[in-house]
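Structure, as structure tokens:
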Amino acid sequence: MLNIFKNEGKVKDPVCGMSVDKNKTQFSYINKGKTFYFCSKNCKEIFIGDNKKPRQEKKSGCC
């Protein structure tokens, strides 16, 4: 049987574009009733504009 819901939990991180399973990630943010999901704490902080901590530069891969 074909699983048509194979990618049901997958969403795109709005910062880096990485595929994220919204049912498994621990990084999310709700703004004006919309939930955004992130691959990492760094991507979440970039998205919400947390400029309190210095950010590390991306070396390879994501965040």
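Naming works like this for the structure tokens: A, B, ... for the chains as they're shown, residue 1 at the start of each chain, ligands 1 onward in shown order.
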
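Neighbours of Gln26 (chain A) closer than or equal to 12 Å, with only C-alpha atoms counted and sequence neighbours fewer than 3 positions away skipped, come out as A:Val20, A:Asp21, A:Lys22, A:Asn23, A:Tyr29, A:Phe36, A:Tyr37, A:Phe38, A:Cys39, A:Ser40, A:Lys41, A:Lys44.
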
Selection near Cys43 (chain A), 8 Å with only C-alpha atoms, sequence-local residues under 5 positions removed, as an mmCIF file with N, CA and C atoms, in the first residue's frame:
```cif
data_model
loop_
_atom_site.group_PDB
_atom_site.id
_atom_site.type_symbol
_atom_site.label_atom_id
_atom_site.label_comp_id
_atom_site.auth_asym_id
_atom_site.auth_seq_id
_atom_site.Cartn_x
_atom_site.Cartn_y
_atom_site.Cartn_z
ATOM 1 N N ASP A 13 12.395 24.942 7.177
ATOM 2 C CA ASP A 13 12.896 25.957 8.108
ATOM 3 C C ASP A 13 12.919 27.285 7.332
ATOM 4 N N VAL A 15 14.492 29.969 7.805
ATOM 5 C CA VAL A 15 15.781 30.654 7.789
ATOM 6 C C VAL A 15 16.748 29.998 6.799
ATOM 7 N N CYS A 16 16.952 28.701 6.939
ATOM 8 C CA CYS A 16 17.970 28.018 6.126
ATOM 9 C C CYS A 16 17.387 27.148 5.020
ATOM 10 N N PHE A 38 11.907 25.125 13.222
ATOM 11 C CA PHE A 38 13.314 25.362 12.920
ATOM 12 C C PHE A 38 14.142 24.111 13.145
ATOM 13 N N CYS A 63 23.520 25.595 10.153
ATOM 14 C CA CYS A 63 23.553 26.263 11.452
ATOM 15 C C CYS A 63 24.523 25.638 12.415
#
```
